[in-house]
file coords-v7.cif (mmCIF, N, CA and C atoms)
data_upload
loop_
_atom_site.label_atom_id
_atom_site.label_comp_id
_atom_site.auth_asym_id
_atom_site.auth_seq_id
_atom_site.Cartn_x
_atom_site.Cartn_y
_atom_site.Cartn_z
N MET A 1 73.97 125.99 11.73
CA MET A 1 73.76 126.56 10.41
C MET A 1 73.56 128.06 10.55
N GLY A 2 74.38 128.83 9.90
CA GLY A 2 74.28 130.27 9.96
C GLY A 2 73.17 130.80 9.08
N ARG A 3 72.88 132.05 9.26
CA ARG A 3 71.82 132.63 8.44
C ARG A 3 72.34 132.96 7.05
N PRO A 4 71.47 132.87 6.07
CA PRO A 4 71.90 133.17 4.70
C PRO A 4 72.23 134.65 4.54
N LYS A 5 73.15 134.95 3.65
CA LYS A 5 73.57 136.33 3.44
C LYS A 5 72.69 137.06 2.43
N GLU A 6 72.04 136.31 1.56
CA GLU A 6 71.21 136.94 0.53
C GLU A 6 69.82 136.34 0.54
N PHE A 7 68.85 137.17 0.32
CA PHE A 7 67.47 136.72 0.21
C PHE A 7 66.94 137.12 -1.15
N GLU A 8 66.26 136.20 -1.82
CA GLU A 8 65.60 136.54 -3.07
C GLU A 8 64.20 137.00 -2.70
N TYR A 9 63.74 138.04 -3.37
CA TYR A 9 62.40 138.52 -3.09
C TYR A 9 61.91 139.31 -4.28
N SER A 10 60.66 139.15 -4.56
CA SER A 10 60.02 139.91 -5.61
C SER A 10 58.65 140.33 -5.09
N LYS A 11 58.23 141.52 -5.42
CA LYS A 11 56.92 142.00 -4.96
C LYS A 11 55.83 141.11 -5.55
N LEU A 12 54.92 140.68 -4.69
CA LEU A 12 53.84 139.79 -5.09
C LEU A 12 52.50 140.50 -5.02
N PRO A 13 51.56 140.11 -5.89
CA PRO A 13 50.20 140.64 -5.77
C PRO A 13 49.58 140.26 -4.42
N ARG A 14 48.74 141.11 -3.91
CA ARG A 14 48.10 140.90 -2.61
C ARG A 14 47.39 139.55 -2.53
N GLU A 15 46.74 139.14 -3.60
CA GLU A 15 46.01 137.87 -3.61
C GLU A 15 46.95 136.68 -3.46
N VAL A 16 48.11 136.76 -4.09
CA VAL A 16 49.11 135.69 -4.00
C VAL A 16 49.64 135.61 -2.56
N VAL A 17 49.92 136.77 -1.98
CA VAL A 17 50.37 136.81 -0.59
C VAL A 17 49.31 136.19 0.31
N GLY A 18 48.04 136.50 0.07
CA GLY A 18 46.95 135.95 0.88
C GLY A 18 46.89 134.43 0.83
N VAL A 19 47.08 133.86 -0.34
CA VAL A 19 47.06 132.40 -0.48
C VAL A 19 48.26 131.80 0.25
N ALA A 20 49.45 132.38 0.05
CA ALA A 20 50.65 131.86 0.71
C ALA A 20 50.52 131.94 2.23
N VAL A 21 50.01 133.04 2.74
CA VAL A 21 49.81 133.20 4.18
C VAL A 21 48.80 132.19 4.70
N ALA A 22 47.74 131.94 3.95
CA ALA A 22 46.73 130.96 4.37
C ALA A 22 47.33 129.55 4.46
N VAL A 23 48.19 129.21 3.51
CA VAL A 23 48.84 127.89 3.54
C VAL A 23 49.76 127.79 4.75
N ILE A 24 50.47 128.87 5.06
CA ILE A 24 51.34 128.89 6.25
C ILE A 24 50.48 128.78 7.52
N ALA A 25 49.40 129.53 7.58
CA ALA A 25 48.54 129.55 8.77
C ALA A 25 47.89 128.19 9.03
N ASP A 26 47.66 127.42 8.00
CA ASP A 26 47.00 126.12 8.14
C ASP A 26 47.97 124.97 8.41
N TYR A 27 49.24 125.28 8.52
CA TYR A 27 50.29 124.27 8.72
C TYR A 27 50.00 123.36 9.92
N GLY A 28 49.70 123.96 11.05
CA GLY A 28 49.49 123.19 12.28
C GLY A 28 48.32 122.22 12.18
N ARG A 29 47.23 122.66 11.59
CA ARG A 29 46.07 121.77 11.43
C ARG A 29 46.42 120.59 10.54
N ARG A 30 47.08 120.88 9.43
CA ARG A 30 47.48 119.78 8.54
C ARG A 30 48.42 118.81 9.25
N LYS A 31 49.35 119.35 10.01
CA LYS A 31 50.31 118.50 10.73
C LYS A 31 49.58 117.57 11.71
N ARG A 32 48.62 118.12 12.45
CA ARG A 32 47.84 117.30 13.40
C ARG A 32 47.06 116.21 12.68
N GLU A 33 46.48 116.53 11.54
CA GLU A 33 45.72 115.54 10.78
C GLU A 33 46.63 114.45 10.23
N ILE A 34 47.82 114.83 9.79
CA ILE A 34 48.79 113.84 9.30
C ILE A 34 49.16 112.89 10.43
N GLU A 35 49.45 113.44 11.61
CA GLU A 35 49.83 112.63 12.76
C GLU A 35 48.71 111.73 13.24
N ARG A 36 47.48 112.20 13.09
CA ARG A 36 46.32 111.39 13.49
C ARG A 36 46.18 110.15 12.61
N GLY A 37 46.56 110.27 11.36
CA GLY A 37 46.60 109.12 10.47
C GLY A 37 45.28 108.66 9.89
N ALA A 38 44.29 109.51 9.84
CA ALA A 38 42.98 109.10 9.34
C ALA A 38 42.64 109.75 8.00
N LEU A 39 43.65 110.13 7.22
CA LEU A 39 43.42 110.80 5.95
C LEU A 39 43.42 109.82 4.80
N SER A 40 42.66 110.15 3.76
CA SER A 40 42.71 109.35 2.54
C SER A 40 44.08 109.55 1.90
N GLU A 41 44.44 108.67 1.01
CA GLU A 41 45.76 108.74 0.37
C GLU A 41 45.95 110.06 -0.38
N GLY A 42 44.92 110.51 -1.08
CA GLY A 42 45.01 111.76 -1.84
C GLY A 42 45.17 112.97 -0.94
N LEU A 43 44.39 113.02 0.13
CA LEU A 43 44.47 114.14 1.06
C LEU A 43 45.80 114.13 1.81
N LEU A 44 46.26 112.96 2.21
CA LEU A 44 47.55 112.85 2.87
C LEU A 44 48.66 113.38 1.96
N SER A 45 48.63 112.99 0.71
CA SER A 45 49.63 113.45 -0.25
C SER A 45 49.60 114.97 -0.37
N SER A 46 48.42 115.54 -0.44
CA SER A 46 48.26 116.99 -0.55
C SER A 46 48.79 117.69 0.70
N TYR A 47 48.42 117.20 1.87
CA TYR A 47 48.87 117.81 3.13
C TYR A 47 50.39 117.73 3.26
N LEU A 48 50.97 116.58 2.90
CA LEU A 48 52.42 116.44 2.97
C LEU A 48 53.11 117.40 2.01
N ARG A 49 52.53 117.57 0.84
CA ARG A 49 53.10 118.50 -0.14
C ARG A 49 53.08 119.93 0.39
N TYR A 50 51.92 120.38 0.88
CA TYR A 50 51.81 121.74 1.40
C TYR A 50 52.75 121.97 2.58
N ASN A 51 52.78 121.03 3.51
CA ASN A 51 53.66 121.22 4.68
C ASN A 51 55.12 121.14 4.28
N GLY A 52 55.44 120.35 3.26
CA GLY A 52 56.81 120.31 2.76
C GLY A 52 57.23 121.64 2.16
N ILE A 53 56.32 122.28 1.45
CA ILE A 53 56.59 123.60 0.87
C ILE A 53 56.87 124.61 1.98
N VAL A 54 56.05 124.58 3.03
CA VAL A 54 56.23 125.51 4.15
C VAL A 54 57.54 125.20 4.87
N ASP A 55 57.81 123.94 5.14
CA ASP A 55 59.07 123.57 5.80
C ASP A 55 60.27 124.06 5.01
N SER A 56 60.24 123.86 3.70
CA SER A 56 61.35 124.31 2.84
C SER A 56 61.52 125.82 2.89
N ALA A 57 60.41 126.55 2.91
CA ALA A 57 60.47 128.01 2.94
C ALA A 57 61.11 128.51 4.23
N PHE A 58 60.87 127.82 5.33
CA PHE A 58 61.41 128.26 6.62
C PHE A 58 62.85 127.82 6.85
N GLU A 59 63.43 127.07 5.93
CA GLU A 59 64.83 126.67 6.09
C GLU A 59 65.78 127.86 6.04
N CYS A 60 65.36 128.97 5.44
CA CYS A 60 66.21 130.15 5.37
C CYS A 60 66.17 130.97 6.66
N ILE A 61 65.35 130.55 7.60
CA ILE A 61 65.20 131.27 8.87
C ILE A 61 65.97 130.53 9.96
N GLU A 62 66.58 131.26 10.85
CA GLU A 62 67.30 130.65 11.96
C GLU A 62 66.36 129.73 12.72
N GLU A 63 66.89 128.57 13.10
CA GLU A 63 66.06 127.52 13.68
C GLU A 63 65.25 127.98 14.89
N GLY A 64 65.84 128.75 15.77
CA GLY A 64 65.16 129.19 16.97
C GLY A 64 64.05 130.20 16.73
N ALA A 65 63.97 130.74 15.53
CA ALA A 65 62.97 131.76 15.23
C ALA A 65 61.84 131.25 14.34
N ARG A 66 61.96 130.05 13.81
CA ARG A 66 61.00 129.55 12.82
C ARG A 66 59.58 129.49 13.34
N ARG A 67 59.36 128.89 14.49
CA ARG A 67 58.00 128.72 15.02
C ARG A 67 57.33 130.06 15.26
N GLU A 68 58.08 130.98 15.87
CA GLU A 68 57.51 132.30 16.17
C GLU A 68 57.22 133.09 14.90
N LEU A 69 58.11 133.00 13.91
CA LEU A 69 57.85 133.71 12.65
C LEU A 69 56.64 133.11 11.95
N MET A 70 56.48 131.80 12.03
CA MET A 70 55.30 131.17 11.45
C MET A 70 54.04 131.70 12.14
N ASP A 71 54.08 131.80 13.46
CA ASP A 71 52.94 132.35 14.19
C ASP A 71 52.69 133.80 13.81
N ASP A 72 53.76 134.59 13.69
CA ASP A 72 53.61 136.00 13.30
C ASP A 72 52.92 136.12 11.94
N ILE A 73 53.36 135.33 10.98
CA ILE A 73 52.77 135.37 9.65
C ILE A 73 51.31 134.92 9.72
N SER A 74 51.04 133.88 10.47
CA SER A 74 49.69 133.31 10.55
C SER A 74 48.67 134.28 11.11
N VAL A 75 49.06 135.07 12.10
CA VAL A 75 48.10 135.98 12.74
C VAL A 75 48.27 137.43 12.30
N GLY A 76 49.20 137.69 11.40
CA GLY A 76 49.40 139.05 10.90
C GLY A 76 50.14 139.95 11.87
N ARG A 77 50.96 139.37 12.72
CA ARG A 77 51.72 140.13 13.70
C ARG A 77 52.97 140.69 13.04
N GLY A 78 53.36 141.87 13.46
CA GLY A 78 54.55 142.51 12.91
C GLY A 78 55.70 142.55 13.90
N TRP A 79 56.78 143.19 13.51
CA TRP A 79 58.01 143.25 14.30
C TRP A 79 57.78 143.85 15.68
N HIS A 80 56.95 144.90 15.77
CA HIS A 80 56.77 145.62 17.02
C HIS A 80 56.13 144.77 18.11
N THR A 81 55.34 143.78 17.73
CA THR A 81 54.68 142.93 18.73
C THR A 81 55.14 141.48 18.68
N SER A 82 56.12 141.20 17.87
CA SER A 82 56.63 139.84 17.73
C SER A 82 57.49 139.45 18.93
N LYS A 83 57.40 138.18 19.31
CA LYS A 83 58.24 137.66 20.39
C LYS A 83 59.70 137.55 19.96
N ILE A 84 59.96 137.58 18.65
CA ILE A 84 61.33 137.49 18.16
C ILE A 84 61.84 138.82 17.62
N GLY A 85 61.11 139.89 17.84
CA GLY A 85 61.54 141.20 17.38
C GLY A 85 62.89 141.60 17.92
N TYR A 86 63.23 141.15 19.12
CA TYR A 86 64.52 141.49 19.73
C TYR A 86 65.69 140.84 18.97
N MET A 87 65.41 139.79 18.19
CA MET A 87 66.47 139.06 17.49
C MET A 87 66.92 139.76 16.21
N TYR A 88 66.07 140.63 15.68
CA TYR A 88 66.31 141.23 14.37
C TYR A 88 66.08 142.72 14.41
N THR A 89 66.72 143.40 13.47
CA THR A 89 66.34 144.79 13.24
C THR A 89 64.99 144.76 12.52
N LEU A 90 64.33 145.88 12.50
CA LEU A 90 63.05 145.99 11.80
C LEU A 90 63.18 145.54 10.36
N ARG A 91 64.22 146.01 9.70
CA ARG A 91 64.43 145.69 8.28
C ARG A 91 64.69 144.20 8.08
N SER A 92 65.56 143.62 8.87
CA SER A 92 65.90 142.21 8.67
C SER A 92 64.72 141.29 9.00
N TYR A 93 63.90 141.68 9.97
CA TYR A 93 62.69 140.90 10.29
C TYR A 93 61.77 140.83 9.07
N TYR A 94 61.48 141.98 8.47
CA TYR A 94 60.56 142.01 7.34
C TYR A 94 61.16 141.38 6.08
N ILE A 95 62.46 141.46 5.92
CA ILE A 95 63.09 140.77 4.79
C ILE A 95 62.85 139.27 4.93
N ARG A 96 63.05 138.74 6.11
CA ARG A 96 62.84 137.31 6.35
C ARG A 96 61.37 136.91 6.15
N LYS A 97 60.49 137.72 6.68
CA LYS A 97 59.06 137.44 6.58
C LYS A 97 58.62 137.42 5.11
N ARG A 98 59.04 138.42 4.35
CA ARG A 98 58.68 138.47 2.93
C ARG A 98 59.30 137.31 2.16
N GLN A 99 60.53 136.94 2.53
CA GLN A 99 61.19 135.84 1.84
C GLN A 99 60.43 134.53 2.04
N VAL A 100 59.97 134.26 3.23
CA VAL A 100 59.22 133.03 3.49
C VAL A 100 57.94 133.02 2.67
N ILE A 101 57.21 134.11 2.67
CA ILE A 101 55.95 134.19 1.92
C ILE A 101 56.22 134.02 0.43
N TYR A 102 57.26 134.67 -0.07
CA TYR A 102 57.63 134.56 -1.48
C TYR A 102 58.00 133.11 -1.83
N THR A 103 58.77 132.46 -0.99
CA THR A 103 59.20 131.09 -1.24
C THR A 103 58.02 130.12 -1.23
N VAL A 104 57.07 130.34 -0.34
CA VAL A 104 55.85 129.52 -0.33
C VAL A 104 55.08 129.75 -1.63
N ALA A 105 54.95 130.99 -2.05
CA ALA A 105 54.23 131.29 -3.29
C ALA A 105 54.88 130.61 -4.49
N VAL A 106 56.21 130.61 -4.53
CA VAL A 106 56.93 129.93 -5.61
C VAL A 106 56.66 128.42 -5.54
N GLY A 107 56.73 127.85 -4.35
CA GLY A 107 56.49 126.43 -4.16
C GLY A 107 55.09 126.00 -4.56
N LEU A 108 54.13 126.89 -4.37
CA LEU A 108 52.74 126.60 -4.75
C LEU A 108 52.50 126.83 -6.23
N GLY A 109 53.48 127.37 -6.92
CA GLY A 109 53.32 127.64 -8.35
C GLY A 109 52.50 128.89 -8.62
N LEU A 110 52.47 129.82 -7.67
CA LEU A 110 51.70 131.05 -7.84
C LEU A 110 52.52 132.18 -8.45
N THR A 111 53.83 132.01 -8.50
CA THR A 111 54.72 132.97 -9.11
C THR A 111 56.00 132.23 -9.49
N GLU A 112 56.83 132.89 -10.27
CA GLU A 112 58.10 132.30 -10.68
C GLU A 112 59.25 133.06 -10.03
N ILE A 113 60.36 132.40 -9.90
CA ILE A 113 61.54 133.06 -9.36
C ILE A 113 62.03 134.06 -10.40
N LYS A 114 62.19 135.28 -9.96
CA LYS A 114 62.69 136.33 -10.86
C LYS A 114 64.21 136.30 -10.84
N GLY A 115 64.81 136.26 -12.00
CA GLY A 115 66.26 136.15 -12.03
C GLY A 115 66.95 137.22 -12.72
#
call {"tool": "encode", "arguments": {"input": "coords-v7.cif", "output": "structure tokens"}}
result
Amino acid sequence: MGRPKEFEYSKLPREVVGVAVAVIADYGRRKREIERGALSEGLLSSYLRYNGIVDSAFECIEEGARRELMDDISVGRGWHTSKIGYMYTLRSYYIRKRQVIYTVAVGLGLTEIKG
């Protein structure tokens, strides 16, 4: 699967970005809890929904870069210190990073797609 040619993006309020980043950063913990299988039905449903939103957002990223970009977003790492910085120009790295955060925010219902 090749990389997409166009990315949708709209400037988001800092608070919305913070919520989207927190949901991305918590992905691994939710995944471990889902795999452990000791969640109530309501919590399991919530965790699956959140992780599904994150998974969908990362579909626009090349498969080999998804995990590292998720880590970069989670810890606030930028292109200069990213393990995948060599794969992208500075501009294309940040376009992808912003697109993932924007897509998560849309999935969470924190903003609407601007058309």
call {"tool": "resolve_selection", "arguments": {"input": "coords-v7.cif", "expression": "the PyMOL selection byres ((chain A and resi 45-53) around 6.5)", "output": "ChimeraX atom specification"}}
result
/A:27,30,40-44,54-58,103-104,107
call {"tool": "write_last_selection", "arguments": {"input": "coords-v7.cif", "atoms": "N, CA and C atoms", "output": "short mmCIF file (atom, residue, chain, number, x, y, z; two decimals), in the coordinates of the input"}}
result
data_model
loop_
_atom_site.label_atom_id
_atom_site.label_comp_id
_atom_site.auth_asym_id
_atom_site.auth_seq_id
_atom_site.Cartn_x
_atom_site.Cartn_y
_atom_site.Cartn_z
N TYR A 27 49.24 125.28 8.52
CA TYR A 27 50.29 124.27 8.72
C TYR A 27 50.00 123.36 9.92
N ARG A 30 47.08 120.88 9.43
CA ARG A 30 47.48 119.78 8.54
C ARG A 30 48.42 118.81 9.25
N SER A 40 42.66 110.15 3.76
CA SER A 40 42.71 109.35 2.54
C SER A 40 44.08 109.55 1.90
N GLU A 41 44.44 108.67 1.01
CA GLU A 41 45.76 108.74 0.37
C GLU A 41 45.95 110.06 -0.38
N GLY A 42 44.92 110.51 -1.08
CA GLY A 42 45.01 111.76 -1.84
C GLY A 42 45.17 112.97 -0.94
N LEU A 43 44.39 113.02 0.13
CA LEU A 43 44.47 114.14 1.06
C LEU A 43 45.80 114.13 1.81
N LEU A 44 46.26 112.96 2.21
CA LEU A 44 47.55 112.85 2.87
C LEU A 44 48.66 113.38 1.96
N VAL A 54 56.05 124.58 3.03
CA VAL A 54 56.23 125.51 4.15
C VAL A 54 57.54 125.20 4.87
N ASP A 55 57.81 123.94 5.14
CA ASP A 55 59.07 123.57 5.80
C ASP A 55 60.27 124.06 5.01
N SER A 56 60.24 123.86 3.70
CA SER A 56 61.35 124.31 2.84
C SER A 56 61.52 125.82 2.89
N ALA A 57 60.41 126.55 2.91
CA ALA A 57 60.47 128.01 2.94
C ALA A 57 61.11 128.51 4.23
N PHE A 58 60.87 127.82 5.33
CA PHE A 58 61.41 128.26 6.62
C PHE A 58 62.85 127.82 6.85
N THR A 103 58.77 132.46 -0.99
CA THR A 103 59.20 131.09 -1.24
C THR A 103 58.02 130.12 -1.23
N VAL A 104 57.07 130.34 -0.34
CA VAL A 104 55.85 129.52 -0.33
C VAL A 104 55.08 129.75 -1.63
N GLY A 107 56.73 127.85 -4.35
CA GLY A 107 56.49 126.43 -4.16
C GLY A 107 55.09 126.00 -4.56
#
call {"tool": "atom_distance", "arguments": {"input": "coords-v7.cif", "atom1": "atom C of Thr89 of chain A", "atom2": "atom CA of Gly64 of chain A"}}
result
16.2 Å
call {"tool": "closest_residue", "arguments": {"input": "coords-v7.cif", "among": "A:Ser74, A:Lys31, A:Tyr102, A:Lys83", "to": "Lys11 of chain A", "atoms": "only N, CA and C atoms"}}
result
A:Tyr102
call {"tool": "atom_distance", "arguments": {"input": "coords-v7.cif", "atom1": "atom N of Met87 of chain A", "atom2": "atom CA of Cys60 of chain A"}}
result
16.1 Å
call {"tool": "atom_distance", "arguments": {"input": "coords-v7.cif", "atom1": "atom CA of Thr81 of chain A", "atom2": "atom CA of Glu68 of chain A"}}
result
11.3 Å
call {"tool": "select_by_dssp", "arguments": {"input": "coords-v7.cif", "residues": "chain A", "states": "alpha helix (DSSP H)", "output": "count of residues only"}}
result
67
call {"tool": "residues_around", "arguments": {"input": "coords-v7.cif", "residues": "segment 76-80 of chain A", "least_positions_apart": "5", "cutoff": "6.5 Å", "atoms": "all atoms listed in the file", "output": "PyMOL selection string"}}
result
chain A and resi 71+85+90
call {"tool": "residues_around", "arguments": {"input": "coords-v7.cif", "residues": "Val16 of chain A", "least_positions_apart": "2", "cutoff": "8 Å", "atoms": "all atoms listed in the file", "output": "PyMOL selection string"}}
result
chain A and resi 12-14+18-22+101+105+110-111
call {"tool": "write_last_selection", "arguments": {"input": "coords-v7.cif", "atoms": "N, CA and C atoms", "output": "tab-separated table (two decimals), in the frame of the given file"}}
result
chain	number	residue	atom	x	y	z
A	12	LEU	N	54.92	140.68	-4.69
A	12	LEU	CA	53.84	139.79	-5.09
A	12	LEU	C	52.50	140.50	-5.02
A	13	PRO	N	51.56	140.11	-5.89
A	13	PRO	CA	50.20	140.64	-5.77
A	13	PRO	C	49.58	140.26	-4.42
A	14	ARG	N	48.74	141.11	-3.91
A	14	ARG	CA	48.10	140.90	-2.61
A	14	ARG	C	47.39	139.55	-2.53
A	18	GLY	N	48.04	136.50	0.07
A	18	GLY	CA	46.95	135.95	0.88
A	18	GLY	C	46.89	134.43	0.83
A	19	VAL	N	47.08	133.86	-0.34
A	19	VAL	CA	47.06	132.40	-0.48
A	19	VAL	C	48.26	131.80	0.25
A	20	ALA	N	49.45	132.38	0.05
A	20	ALA	CA	50.65	131.86	0.71
A	20	ALA	C	50.52	131.94	2.23
A	21	VAL	N	50.01	133.04	2.74
A	21	VAL	CA	49.81	133.20	4.18
A	21	VAL	C	48.80	132.19	4.70
A	22	ALA	N	47.74	131.94	3.95
A	22	ALA	CA	46.73	130.96	4.37
A	22	ALA	C	47.33	129.55	4.46
A	101	ILE	N	57.21	134.11	2.67
A	101	ILE	CA	55.95	134.19	1.92
A	101	ILE	C	56.22	134.02	0.43
A	105	ALA	N	54.95	130.99	-2.05
A	105	ALA	CA	54.23	131.29	-3.29
A	105	ALA	C	54.88	130.61	-4.49
A	110	LEU	N	52.47	129.82	-7.67
A	110	LEU	CA	51.70	131.05	-7.84
A	110	LEU	C	52.52	132.18	-8.45
A	111	THR	N	53.83	132.01	-8.50
A	111	THR	CA	54.72	132.97	-9.11
A	111	THR	C	56.00	132.23	-9.49
call {"tool": "closest_residue", "arguments": {"input": "coords-v7.cif", "among": "A:Val100, A:Tyr86, A:Tyr94, A:Ile73", "to": "Asp26 of chain A", "atoms": "only C-alpha atoms"}}
result
A:Ile73
